[in-house]
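Asker: My file is structure_22.pdb. It has PDB, C-alpha atoms:
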```pdb
ATOM      1  CA  MET A  19     -66.746  14.776  26.154
ATOM      2  CA  SER A  20     -69.026  14.152  23.229
ATOM      3  CA  ASP A  21     -70.698  16.850  21.118
ATOM      4  CA  LEU A  22     -73.956  15.356  22.386
ATOM      5  CA  ASP A  23     -73.209  16.606  25.901
ATOM      6  CA  LEU A  24     -73.735  19.842  27.802
ATOM      7  CA  VAL A  25     -71.288  20.700  30.575
ATOM      8  CA  LEU A  26     -71.474  23.123  33.463
ATOM      9  CA  GLU A  27     -68.320  23.656  35.487
ATOM     10  CA  ARG A  28     -67.866  25.961  38.468
ATOM     11  CA  THR A  29     -65.386  26.296  41.296
ATOM     12  CA  LEU A  30     -67.474  26.662  44.433
ATOM     13  CA  ASN A  31     -66.121  28.396  47.504
ATOM     14  CA  ALA A  32     -67.142  25.614  49.888
ATOM     15  CA  PRO A  33     -65.595  22.288  50.908
ATOM     16  CA  ARG A  34     -66.460  19.132  49.011
ATOM     17  CA  ASP A  35     -68.190  17.293  51.878
ATOM     18  CA  LEU A  36     -70.608  20.176  52.409
ATOM     19  CA  VAL A  37     -71.333  20.567  48.697
ATOM     20  CA  TRP A  38     -72.114  16.848  48.677
ATOM     21  CA  LYS A  39     -74.359  17.270  51.717
ATOM     22  CA  ALA A  40     -76.201  20.201  50.135
ATOM     23  CA  TRP A  41     -76.637  18.126  46.966
ATOM     24  CA  THR A  42     -77.819  14.867  48.491
ATOM     25  CA  ASP A  43     -80.006  15.890  51.425
ATOM     26  CA  PRO A  44     -83.503  16.433  49.984
ATOM     27  CA  GLU A  45     -84.232  19.259  52.442
ATOM     28  CA  HIS A  46     -81.130  21.141  51.277
ATOM     29  CA  LEU A  47     -81.678  20.240  47.615
ATOM     30  CA  LYS A  48     -85.116  21.852  47.717
ATOM     31  CA  ARG A  49     -83.508  25.198  48.521
ATOM     32  CA  TRP A  50     -81.160  25.420  45.522
ATOM     33  CA  PHE A  51     -82.101  22.968  42.730
ATOM     34  CA  ALA A  52     -84.516  25.399  41.046
ATOM     35  CA  PRO A  53     -83.348  28.841  39.889
ATOM     36  CA  ARG A  54     -85.245  31.311  42.115
ATOM     37  CA  PRO A  55     -88.061  32.383  42.013
ATOM     38  CA  TYR A  56     -88.802  28.836  40.857
ATOM     39  CA  GLU A  57     -89.098  26.367  43.723
ATOM     40  CA  ILE A  58     -88.761  22.667  44.302
ATOM     41  CA  SER A  59     -91.931  21.647  46.096
ATOM     42  CA  GLU A  60     -91.315  17.884  46.191
ATOM     43  CA  VAL A  61     -88.211  15.704  46.185
ATOM     44  CA  GLU A  62     -87.948  11.929  46.139
ATOM     45  CA  MET A  63     -84.359  10.755  46.248
ATOM     46  CA  ASP A  64     -83.196   7.241  47.030
ATOM     47  CA  LEU A  65     -79.429   7.298  46.701
ATOM     48  CA  ARG A  66     -78.674   3.793  45.444
ATOM     49  CA  PRO A  67     -78.411   2.378  41.937
ATOM     50  CA  GLY A  68     -82.004   1.711  40.855
ATOM     51  CA  GLY A  69     -83.400   4.226  43.367
ATOM     52  CA  VAL A  70     -85.839   6.981  42.490
ATOM     53  CA  PHE A  71     -84.922  10.614  41.711
ATOM     54  CA  ARG A  72     -87.950  12.820  41.232
ATOM     55  CA  ILE A  73     -88.612  16.519  41.704
ATOM     56  CA  ARG A  74     -91.609  18.775  41.299
ATOM     57  CA  MET A  75     -90.886  22.362  40.321
ATOM     58  CA  THR A  76     -93.294  25.265  40.751
ATOM     59  CA  GLY A  77     -92.929  28.935  39.928
ATOM     60  CA  PRO A  78     -94.463  32.277  38.998
ATOM     61  CA  ASP A  79     -97.700  32.443  36.979
ATOM     62  CA  GLY A  80     -98.795  28.984  38.054
ATOM     63  CA  PHE A  81     -95.779  27.181  36.593
ATOM     64  CA  ASP A  82     -95.921  23.609  37.864
ATOM     65  CA  THR A  83     -94.252  20.500  36.490
ATOM     66  CA  GLY A  84     -96.855  18.408  38.280
ATOM     67  CA  HIS A  85     -95.857  15.187  39.966
ATOM     68  CA  GLY A  86     -92.857  14.931  37.619
ATOM     69  CA  ASN A  87     -91.457  11.845  35.928
ATOM     70  CA  PRO A  88     -89.546   9.684  38.381
ATOM     71  CA  GLY A  89     -85.999   9.106  37.142
ATOM     72  CA  CYS A  90     -83.500   6.464  38.193
ATOM     73  CA  VAL A  91     -80.267   6.805  40.177
ATOM     74  CA  LEU A  92     -77.385   5.014  38.418
ATOM     75  CA  GLU A  93     -74.178   5.638  40.377
ATOM     76  CA  VAL A  94     -73.411   6.973  43.832
ATOM     77  CA  ILE A  95     -69.834   7.473  45.030
ATOM     78  CA  GLU A  96     -70.096   9.248  48.380
ATOM     79  CA  GLY A  97     -68.668  12.770  48.154
ATOM     80  CA  GLU A  98     -67.539  12.311  44.546
ATOM     81  CA  LYS A  99     -70.104  11.294  41.995
ATOM     82  CA  LEU A 100     -73.827  11.057  41.455
ATOM     83  CA  SER A 101     -75.486   9.966  38.204
ATOM     84  CA  TRP A 102     -79.119   9.507  37.316
ATOM     85  CA  THR A 103     -81.196   9.235  34.187
ATOM     86  CA  SER A 104     -84.668  10.148  33.015
ATOM     87  CA  ALA A 105     -84.536   7.344  30.414
ATOM     88  CA  LEU A 106     -85.346   4.908  33.214
ATOM     89  CA  GLY A 107     -87.634   5.047  36.219
ATOM     90  CA  PRO A 108     -87.103   3.408  39.619
ATOM     91  CA  ASP A 109     -85.793  -0.169  39.495
ATOM     92  CA  TYR A 110     -84.617   0.437  35.932
ATOM     93  CA  ARG A 111     -88.018   0.307  34.205
ATOM     94  CA  PRO A 112     -87.885   2.220  30.879
ATOM     95  CA  ALA A 113     -89.528   5.606  31.409
ATOM     96  CA  GLU A 114     -92.123   7.419  29.379
ATOM     97  CA  MET A 115     -91.197  10.937  28.402
ATOM     98  CA  GLY A 116     -93.185  13.926  29.675
ATOM     99  CA  ASP A 117     -93.324  17.616  28.793
ATOM    100  CA  GLY A 118     -90.775  20.432  28.734
ATOM    101  CA  CYS A 119     -87.414  19.373  30.188
ATOM    102  CA  GLU A 120     -88.840  15.882  30.469
ATOM    103  CA  SER A 121     -89.688  15.571  26.774
ATOM    104  CA  PHE A 122     -86.361  13.916  25.917
ATOM    105  CA  PRO A 123     -84.259  11.431  27.889
ATOM    106  CA  MET A 124     -81.053  12.583  29.507
ATOM    107  CA  THR A 125     -78.458  11.260  31.893
ATOM    108  CA  ALA A 126     -76.859  13.640  34.379
ATOM    109  CA  ILE A 127     -73.421  13.028  35.855
ATOM    110  CA  VAL A 128     -72.406  15.246  38.742
ATOM    111  CA  THR A 129     -68.841  15.117  40.046
ATOM    112  CA  LEU A 130     -67.040  16.929  42.856
ATOM    113  CA  GLU A 131     -63.290  17.392  43.198
ATOM    114  CA  ASP A 132     -61.184  19.135  45.801
ATOM    115  CA  ALA A 133     -59.919  22.378  44.281
ATOM    116  CA  GLY A 134     -57.657  23.429  47.195
ATOM    117  CA  ASN A 135     -58.193  26.141  49.849
ATOM    118  CA  GLY A 136     -61.516  24.611  50.884
ATOM    119  CA  LYS A 137     -62.950  24.980  47.378
ATOM    120  CA  THR A 138     -64.673  22.409  45.182
ATOM    121  CA  LEU A 139     -64.661  21.865  41.451
ATOM    122  CA  TYR A 140     -68.298  21.180  40.596
ATOM    123  CA  ARG A 141     -69.066  19.583  37.254
ATOM    124  CA  ALA A 142     -72.446  18.613  35.852
ATOM    125  CA  VAL A 143     -72.629  16.850  32.499
ATOM    126  CA  ALA A 144     -75.891  16.163  30.682
ATOM    127  CA  LEU A 145     -75.729  13.274  28.186
ATOM    128  CA  HIS A 146     -78.204  13.125  25.321
ATOM    129  CA  ALA A 147     -79.164  10.518  22.720
ATOM    130  CA  ASN A 148     -78.651  12.835  19.769
ATOM    131  CA  ARG A 149     -77.710  16.322  18.682
ATOM    132  CA  ALA A 150     -81.339  17.521  18.443
ATOM    133  CA  ASP A 151     -82.032  16.714  22.118
ATOM    134  CA  ARG A 152     -78.760  18.322  23.129
ATOM    135  CA  ASP A 153     -79.649  21.489  21.209
ATOM    136  CA  THR A 154     -83.179  21.565  22.642
ATOM    137  CA  HIS A 155     -81.751  21.306  26.157
ATOM    138  CA  ASP A 156     -79.197  24.000  25.338
ATOM    139  CA  LYS A 157     -81.896  26.381  24.088
ATOM    140  CA  MET A 158     -83.994  25.718  27.188
ATOM    141  CA  GLY A 159     -81.174  27.475  29.033
ATOM    142  CA  PHE A 160     -79.068  24.648  30.464
ATOM    143  CA  GLN A 161     -76.057  26.916  31.129
ATOM    144  CA  GLU A 162     -78.022  29.697  32.766
ATOM    145  CA  GLY A 163     -80.293  27.371  34.742
ATOM    146  CA  TRP A 164     -77.601  25.048  36.051
ATOM    147  CA  GLY A 165     -75.263  28.029  36.532
ATOM    148  CA  THR A 166     -77.748  29.920  38.704
ATOM    149  CA  CYS A 167     -78.419  26.739  40.671
ATOM    150  CA  ALA A 168     -74.680  26.156  41.171
ATOM    151  CA  ALA A 169     -74.411  29.590  42.792
ATOM    152  CA  GLN A 170     -77.370  28.736  45.033
ATOM    153  CA  LEU A 171     -75.751  25.400  45.873
ATOM    154  CA  GLU A 172     -72.586  27.242  46.919
ATOM    155  CA  GLU A 173     -74.680  29.491  49.155
ATOM    156  CA  ILE A 174     -76.325  26.536  50.927
ATOM    157  CA  ALA A 175     -72.981  24.738  51.376
ATOM    158  CA  GLN A 176     -71.495  27.921  52.882
ATOM    159  CA  GLU A 177     -74.463  28.186  55.207
ATOM    160  CA  LEU A 178     -73.814  24.579  56.325
ATOM    161  CA  ALA A 179     -70.175  25.519  56.972
ATOM    162  CA  ALA A 180     -71.249  28.498  59.100
ATOM    163  CA  THR A 181     -73.602  26.394  61.225
ATOM    164  CA  ALA A 182     -71.273  23.359  61.529
TER     165      ALA A 182
ATOM    166  CA  MET B  10     -94.464  -8.296  38.985
ATOM    167  CA  SER B  11     -96.194  -5.529  37.087
ATOM    168  CA  ASP B  12     -98.635  -6.016  34.217
ATOM    169  CA  LEU B  13     -96.068  -4.147  32.119
ATOM    170  CA  ASP B  14     -93.659  -7.081  32.386
ATOM    171  CA  LEU B  15     -93.122 -10.337  30.518
ATOM    172  CA  VAL B  16     -91.665 -13.279  32.421
ATOM    173  CA  LEU B  17     -90.020 -16.476  31.267
ATOM    174  CA  GLU B  18     -89.286 -19.103  33.908
ATOM    175  CA  ARG B  19     -87.692 -22.505  33.374
ATOM    176  CA  THR B  20     -85.993 -25.069  35.558
ATOM    177  CA  LEU B  21     -82.818 -26.023  33.725
ATOM    178  CA  ASN B  22     -81.151 -29.360  34.280
ATOM    179  CA  ALA B  23     -77.690 -27.889  34.815
ATOM    180  CA  PRO B  24     -75.909 -26.353  37.801
ATOM    181  CA  ARG B  25     -76.111 -22.621  38.423
ATOM    182  CA  ASP B  26     -72.394 -21.843  37.930
ATOM    183  CA  LEU B  27     -72.415 -23.415  34.465
ATOM    184  CA  VAL B  28     -75.649 -21.694  33.455
ATOM    185  CA  TRP B  29     -73.993 -18.439  34.513
ATOM    186  CA  LYS B  30     -70.894 -19.317  32.503
ATOM    187  CA  ALA B  31     -72.947 -20.168  29.411
ATOM    188  CA  TRP B  32     -74.791 -16.869  29.837
ATOM    189  CA  THR B  33     -71.872 -14.553  30.426
ATOM    190  CA  ASP B  34     -69.090 -15.868  28.182
ATOM    191  CA  PRO B  35     -69.641 -14.256  24.756
ATOM    192  CA  GLU B  36     -68.399 -17.362  22.923
ATOM    193  CA  HIS B  37     -70.989 -19.512  24.700
ATOM    194  CA  LEU B  38     -73.720 -16.858  24.434
ATOM    195  CA  LYS B  39     -73.336 -16.839  20.655
ATOM    196  CA  ARG B  40     -74.383 -20.487  20.541
ATOM    197  CA  TRP B  41     -77.725 -20.168  22.334
ATOM    198  CA  PHE B  42     -78.975 -16.548  22.509
ATOM    199  CA  ALA B  43     -80.765 -16.713  19.129
ATOM    200  CA  PRO B  44     -83.434 -19.345  18.463
ATOM    201  CA  ARG B  45     -81.949 -21.604  15.749
ATOM    202  CA  PRO B  46     -81.705 -21.301  12.790
ATOM    203  CA  TYR B  47     -81.138 -17.653  13.733
ATOM    204  CA  GLU B  48     -77.582 -16.946  14.808
ATOM    205  CA  ILE B  49     -75.693 -14.443  16.885
ATOM    206  CA  SER B  50     -72.866 -13.223  14.676
ATOM    207  CA  GLU B  51     -71.466 -10.533  16.994
ATOM    208  CA  VAL B  52     -71.452 -10.030  20.757
ATOM    209  CA  GLU B  53     -70.096  -7.130  22.766
ATOM    210  CA  MET B  54     -70.486  -7.678  26.480
ATOM    211  CA  ASP B  55     -68.749  -5.720  29.195
ATOM    212  CA  LEU B  56     -70.051  -7.086  32.473
ATOM    213  CA  ARG B  57     -69.984  -4.015  34.709
ATOM    214  CA  PRO B  58     -72.598  -1.359  35.421
ATOM    215  CA  GLY B  59     -72.310   1.083  32.517
ATOM    216  CA  GLY B  60     -70.717  -1.545  30.232
ATOM    217  CA  VAL B  61     -71.935  -2.349  26.741
ATOM    218  CA  PHE B  62     -74.273  -5.201  25.804
ATOM    219  CA  ARG B  63     -74.769  -5.547  22.069
ATOM    220  CA  ILE B  64     -75.618  -8.429  19.769
ATOM    221  CA  ARG B  65     -76.061  -8.820  16.041
ATOM    222  CA  MET B  66     -78.516 -11.483  14.910
ATOM    223  CA  THR B  67     -78.615 -13.019  11.465
ATOM    224  CA  GLY B  68     -80.877 -15.693   9.998
ATOM    225  CA  PRO B  69     -82.606 -17.268   7.006
ATOM    226  CA  ASP B  70     -83.580 -15.177   3.982
ATOM    227  CA  GLY B  71     -80.977 -12.534   4.689
ATOM    228  CA  PHE B  72     -82.358 -11.605   8.116
ATOM    229  CA  ASP B  73     -79.803  -9.318   9.750
ATOM    230  CA  THR B  74     -80.240  -6.885  12.633
ATOM    231  CA  GLY B  75     -77.165  -5.050  11.424
ATOM    232  CA  HIS B  76     -74.697  -3.681  13.917
ATOM    233  CA  GLY B  77     -77.460  -3.572  16.553
ATOM    234  CA  ASN B  78     -78.106  -0.891  19.134
ATOM    235  CA  PRO B  79     -75.609  -1.092  21.981
ATOM    236  CA  GLY B  80     -77.433  -1.447  25.300
ATOM    237  CA  CYS B  81     -76.125  -0.823  28.809
ATOM    238  CA  VAL B  82     -75.375  -3.296  31.600
ATOM    239  CA  LEU B  83     -76.983  -2.189  34.880
ATOM    240  CA  GLU B  84     -76.369  -4.872  37.522
ATOM    241  CA  VAL B  85     -74.058  -7.849  37.758
ATOM    242  CA  ILE B  86     -74.135 -10.209  40.733
ATOM    243  CA  GLU B  87     -71.838 -13.089  39.847
ATOM    244  CA  GLY B  88     -73.784 -16.320  39.432
ATOM    245  CA  GLU B  89     -77.076 -14.715  40.445
ATOM    246  CA  LYS B  90     -78.230 -11.705  38.525
ATOM    247  CA  LEU B  91     -77.632  -9.781  35.323
ATOM    248  CA  SER B  92     -79.630  -6.744  34.191
ATOM    249  CA  TRP B  93     -79.251  -4.548  31.168
ATOM    250  CA  THR B  94     -81.366  -2.030  29.290
ATOM    251  CA  SER B  95     -81.823  -0.838  25.739
ATOM    252  CA  ALA B  96     -83.053   2.554  27.034
ATOM    253  CA  LEU B  97     -79.408   3.487  27.626
ATOM    254  CA  GLY B  98     -76.204   2.850  25.715
ATOM    255  CA  PRO B  99     -72.718   2.336  27.151
ATOM    256  CA  ASP B 100     -71.766   4.701  29.970
ATOM    257  CA  TYR B 101     -75.453   5.432  30.525
ATOM    258  CA  ARG B 102     -76.028   7.687  27.504
ATOM    259  CA  PRO B 103     -79.731   7.686  26.529
ATOM    260  CA  ALA B 104     -80.168   5.413  23.514
ATOM    261  CA  GLU B 105     -81.983   5.971  20.263
ATOM    262  CA  MET B 106     -84.443   3.275  19.373
ATOM    263  CA  GLY B 107     -83.963   1.097  16.285
ATOM    264  CA  ASP B 108     -86.166  -1.348  14.378
ATOM    265  CA  GLY B 109     -87.996  -4.537  15.308
ATOM    266  CA  CYS B 110     -87.197  -5.713  18.835
ATOM    267  CA  GLU B 111     -85.200  -2.532  19.232
ATOM    268  CA  SER B 112     -88.107  -0.204  18.425
ATOM    269  CA  PHE B 113     -89.089   0.191  22.083
ATOM    270  CA  PRO B 114     -86.931   0.409  25.213
ATOM    271  CA  MET B 115     -86.825  -2.534  27.581
ATOM    272  CA  THR B 116     -84.900  -3.624  30.624
ATOM    273  CA  ALA B 117     -84.075  -7.308  31.044
ATOM    274  CA  ILE B 118     -83.441  -8.862  34.445
ATOM    275  CA  VAL B 119     -82.047 -12.381  34.455
ATOM    276  CA  THR B 120     -81.798 -14.298  37.729
ATOM    277  CA  LEU B 121     -80.513 -17.753  38.605
ATOM    278  CA  GLU B 122     -81.388 -19.754  41.712
ATOM    279  CA  ASP B 123     -80.338 -23.207  42.877
ATOM    280  CA  ALA B 124     -83.277 -25.551  42.384
ATOM    281  CA  GLY B 125     -81.730 -28.627  44.038
ATOM    282  CA  ASN B 126     -80.319 -31.809  42.433
ATOM    283  CA  GLY B 127     -77.933 -29.771  40.294
ATOM    284  CA  LYS B 128     -80.771 -27.846  38.677
ATOM    285  CA  THR B 129     -81.240 -24.123  38.245
ATOM    286  CA  LEU B 130     -84.317 -21.924  38.301
ATOM    287  CA  TYR B 131     -83.823 -19.553  35.370
ATOM    288  CA  ARG B 132     -85.938 -16.414  35.253
ATOM    289  CA  ALA B 133     -85.898 -13.654  32.659
ATOM    290  CA  VAL B 134     -88.114 -10.624  33.144
ATOM    291  CA  ALA B 135     -88.575  -7.930  30.495
ATOM    292  CA  LEU B 136     -89.676  -4.543  31.870
ATOM    293  CA  HIS B 137     -91.489  -2.097  29.601
ATOM    294  CA  ALA B 138     -92.500   1.545  29.843
ATOM    295  CA  ASN B 139     -96.152   0.919  29.028
ATOM    296  CA  ARG B 140     -98.733  -1.693  28.159
ATOM    297  CA  ALA B 141     -98.430  -1.093  24.397
ATOM    298  CA  ASP B 142     -94.703  -1.920  24.360
ATOM    299  CA  ARG B 143     -95.299  -4.955  26.540
ATOM    300  CA  ASP B 144     -97.998  -6.196  24.159
ATOM    301  CA  THR B 145     -95.827  -5.542  21.089
ATOM    302  CA  HIS B 146     -93.019  -7.559  22.651
ATOM    303  CA  ASP B 147     -95.469 -10.308  23.596
ATOM    304  CA  LYS B 148     -96.794 -10.544  20.026
ATOM    305  CA  MET B 149     -93.244 -10.658  18.664
ATOM    306  CA  GLY B 150     -93.074 -14.017  20.435
ATOM    307  CA  PHE B 151     -91.257 -13.287  23.696
ATOM    308  CA  GLN B 152     -92.354 -16.580  25.299
ATOM    309  CA  GLU B 153     -91.484 -18.764  22.346
ATOM    310  CA  GLY B 154     -88.225 -16.985  21.555
ATOM    311  CA  TRP B 155     -86.877 -16.823  25.091
ATOM    312  CA  GLY B 156     -88.249 -20.328  25.792
ATOM    313  CA  THR B 157     -86.402 -21.842  22.820
ATOM    314  CA  CYS B 158     -83.250 -20.009  23.846
ATOM    315  CA  ALA B 159     -83.580 -21.255  27.441
ATOM    316  CA  ALA B 160     -83.571 -24.841  26.149
ATOM    317  CA  GLN B 161     -80.478 -24.053  24.064
ATOM    318  CA  LEU B 162     -78.853 -22.448  27.121
ATOM    319  CA  GLU B 163     -79.493 -25.648  29.102
ATOM    320  CA  GLU B 164     -77.849 -27.648  26.308
ATOM    321  CA  ILE B 165     -74.701 -25.503  26.364
ATOM    322  CA  ALA B 166     -74.501 -25.604  30.184
ATOM    323  CA  GLN B 167     -74.806 -29.417  30.062
ATOM    324  CA  GLU B 168     -72.061 -29.539  27.458
ATOM    325  CA  LEU B 169     -69.856 -27.482  29.794
ATOM    326  CA  ALA B 170     -70.631 -29.951  32.592
ATOM    327  CA  ALA B 171     -69.640 -32.875  30.361
ATOM    328  CA  THR B 172     -66.326 -31.301  29.389
ATOM    329  CA  ALA B 173     -65.474 -29.970  32.869
TER     330      ALA B 173
END
```
What does the file become when written as structure tokens?
Answerer:
Amino acid sequence: MSDLDLVLERTLNAPRDLVWKAWTDPEHLKRWFAPRPYEISEVEMDLRPGGVFRIRMTGPDGFDTGHGNPGCVLEVIEGEKLSWTSALGPDYRPAEMGDGCESFPMTAIVTLEDAGNGKTLYRAVALHANRADRDTHDKMGFQEGWGTCAAQLEEIAQELAATA
Amino acid sequence: MSDLDLVLERTLNAPRDLVWKAWTDPEHLKRWFAPRPYEISEVEMDLRPGGVFRIRMTGPDGFDTGHGNPGCVLEVIEGEKLSWTSALGPDYRPAEMGDGCESFPMTAIVTLEDAGNGKTLYRAVALHANRADRDTHDKMGFQEGWGTCAAQLEEIAQELAATA
């Protein structure tokens, strides 16, 4: 790990295949990827290198990210790893930066590992170009935001287990 | 093709496997990737998605790109396709921009196709984030620079054919 990174790590009480399913199915993703009461109103997700990853987030007091900058999927290892970046758009075209969380480029690397007893070690790493971007992202509440979402992800994966 | 792209296309009088070899072997690349009398003095090339692609160019009157920003390899299809971007560094970390040709992010997509009679259709596309970057790159002499290098690439591939 570099000092340009931010890392969120949680052990989720749900099996790895269902955490993966909750992560990679857009209909499930919508229900946990924004910390409530924020909501994901749109998801575009094409799980192949070069594919699009785009979300629109809305929330209280008219909060709305708008259409959102489309990012680019980089790596997909079924059940194990998913990476994407906002530095590129679909088909690897360099992206233009937007506002808020989209004002600096970042690459996200999500990994899942079996943690025994039907649990999953969930790790999300955000890679930045420099210390200033890392610190901006940190101050935006990376730990709290991704932490709250990880708990919501666990909830959805457990719900999938109950209905399986 | 988008109007944000620049495209160089040449039919090279050399077979596809040798054009690929001249492109992807760092020792060969050094001999053609800069328009003479400019020279490539350093090459780092790790041909896997997430691998590094970095060059240092030197030339008359003390021209020197310095260490050069390390870019990131995105796609490698042996003998057919090679893509990399300067928007990311190795292992997909967002890159910081540099000077000159490195002042804006771009993605390069190089493809080779058999053109019959031992010839190869060589295509290099540069993808940009916006029209301004595309125009800057165009005015820097994309066509002339990449065109001169394509002729030098042909020369090296023919030399490989002669010594095979």
Asker: Find the residues in chain B near chain A: any atom within 8 Å counts, using all atoms listed in the file. Write them as a PyMOL selection string.
Answerer: chain B and resi 94+96-97+101-105+114-116+136-139
Asker: Just to confirm, what's the straight-line distance from atom CA of A:Arg72 to atom CA of A:Lys39 in Å (one decimal)?
Answerer: 17.7 Å
Asker: Between atom CA of B:Gly77 and atom CA of B:Pro35, what distance in Å does the model show, to one decimal?
Answerer: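 It comes out at 15.6 Å.
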Asker: Could you jot down the atom CA of B:Val28 to atom CA of B:Thr129 separation for me, Å, one decimal place?
Answerer: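 One can read the atom CA of B:Val28 to atom CA of B:Thr129 distance as 7.8 Å.
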Asker: Can you tell me which residues surround A:Ser59 at a distance of at most 9 Å, considering only C-alpha atoms, apart from same-chain residues fewer than 4 positions away, and format the answer as a list in words?
Answerer: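 Listed by chain and then number, they are Lys48, Ile73, Arg74, Met75 and Thr76 of chain A.
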Asker: Which residues come within 10 Å of B:Ala170, counting all atoms listed in the file, excluding same-chain residues fewer than 2 positions away, as a count of residues only?
Answerer: 12
Asker: Return as a tab-separated table the residues of stretch 74-142 of chain A lying at most 9 Å from stretch 153-167 of chain A, together with the closest atom-to-atom pair for each and the distance in Å to one decimal, counting all atoms listed in the file, with rows in chain order and ascending residue number.
Answerer:
```
residue	atom	partner	partner_atom	distance
A:Gly118	CA	A:Met158	CA	8.7
A:Cys119	CA	A:His155	CA	7.2
A:Phe122	CA	A:His155	CA	8.7
A:Ala142	CA	A:Trp164	CA	8.2
```
Asker: Would you put the residues from that selection into a file with C-alpha atoms, as a PDB file, in the frame of the given file?
Answerer:
```
ATOM      1  CA  GLY A 118     -90.775  20.432  28.734  1.00  0.00           C
ATOM      2  CA  CYS A 119     -87.414  19.373  30.188  1.00  0.00           C
ATOM      3  CA  PHE A 122     -86.361  13.916  25.917  1.00  0.00           C
ATOM      4  CA  ALA A 142     -72.446  18.613  35.852  1.00  0.00           C
TER       5      ALA A 142
END
```
Asker: If you apply the PyMOL selection byres ((chain B and resi 48) around 12) to this file, what residues do you get, as a ChimeraX atom specification?
Answerer: /B:38-47,49-52,64-69,71-74,158
Asker: Please produce a file of the residues just selected, as a PDB file, keeping the file's coordinate frame, where the atoms kept are C-alpha atoms.
Answerer:
```pdb
ATOM      1  CA  LEU B  38     -73.720 -16.858  24.434  1.00  0.00           C
ATOM      2  CA  LYS B  39     -73.336 -16.839  20.655  1.00  0.00           C
ATOM      3  CA  ARG B  40     -74.383 -20.487  20.541  1.00  0.00           C
ATOM      4  CA  TRP B  41     -77.725 -20.168  22.334  1.00  0.00           C
ATOM      5  CA  PHE B  42     -78.975 -16.548  22.509  1.00  0.00           C
ATOM      6  CA  ALA B  43     -80.765 -16.713  19.129  1.00  0.00           C
ATOM      7  CA  PRO B  44     -83.434 -19.345  18.463  1.00  0.00           C
ATOM      8  CA  ARG B  45     -81.949 -21.604  15.749  1.00  0.00           C
ATOM      9  CA  PRO B  46     -81.705 -21.301  12.790  1.00  0.00           C
ATOM     10  CA  TYR B  47     -81.138 -17.653  13.733  1.00  0.00           C
ATOM     11  CA  ILE B  49     -75.693 -14.443  16.885  1.00  0.00           C
ATOM     12  CA  SER B  50     -72.866 -13.223  14.676  1.00  0.00           C
ATOM     13  CA  GLU B  51     -71.466 -10.533  16.994  1.00  0.00           C
ATOM     14  CA  VAL B  52     -71.452 -10.030  20.757  1.00  0.00           C
ATOM     15  CA  ILE B  64     -75.618  -8.429  19.769  1.00  0.00           C
ATOM     16  CA  ARG B  65     -76.061  -8.820  16.041  1.00  0.00           C
ATOM     17  CA  MET B  66     -78.516 -11.483  14.910  1.00  0.00           C
ATOM     18  CA  THR B  67     -78.615 -13.019  11.465  1.00  0.00           C
ATOM     19  CA  GLY B  68     -80.877 -15.693   9.998  1.00  0.00           C
ATOM     20  CA  PRO B  69     -82.606 -17.268   7.006  1.00  0.00           C
ATOM     21  CA  GLY B  71     -80.977 -12.534   4.689  1.00  0.00           C
ATOM     22  CA  PHE B  72     -82.358 -11.605   8.116  1.00  0.00           C
ATOM     23  CA  ASP B  73     -79.803  -9.318   9.750  1.00  0.00           C
ATOM     24  CA  THR B  74     -80.240  -6.885  12.633  1.00  0.00           C
ATOM     25  CA  CYS B 158     -83.250 -20.009  23.846  1.00  0.00           C
TER      26      CYS B 158
END
```
Asker: Please provide the set of residues having any atom within 8 Å of A:Pro108, restricted to all atoms listed in the file, with same-chain residues fewer than 4 positions apart removed, written as a list in words.
Answerer: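 Final neighbour list, sorted by chain and number: Gly68, Gly69, Val70, Phe71, Pro88, Gly89, Cys90 and Val91 of chain A.
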Asker: Could you pull the residues within 7 Å of B:Val85, counting all atoms listed in the file, minus those fewer than 6 positions along the same chain, as a PyMOL selection string?
Answerer: chain B and resi 56-57+91-92
Asker: Might you pull out every residue within 9 Å of B:Arg132, with only C-alpha atoms counted and same-chain residues fewer than 3 positions away left off, and present them as a ChimeraX atom specification?
Answerer: /B:16-20,118-122
Asker: Determine the nearest neighbour of B:Arg143 from the options B:Arg25, B:Ala160, B:Glu87, B:Asp12, counting all atoms listed in the file.
Answerer: B:Asp12
Asker: Return the single residue from B:Asp34, B:Arg140, B:Asn78, B:Asn126 that is closest to B:Ser11, with distances computed using all atoms listed in the file.
Answerer: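 Among B:Asp34, B:Arg140, B:Asn78, B:Asn126, it is B:Arg140 that comes nearest to B:Ser11.
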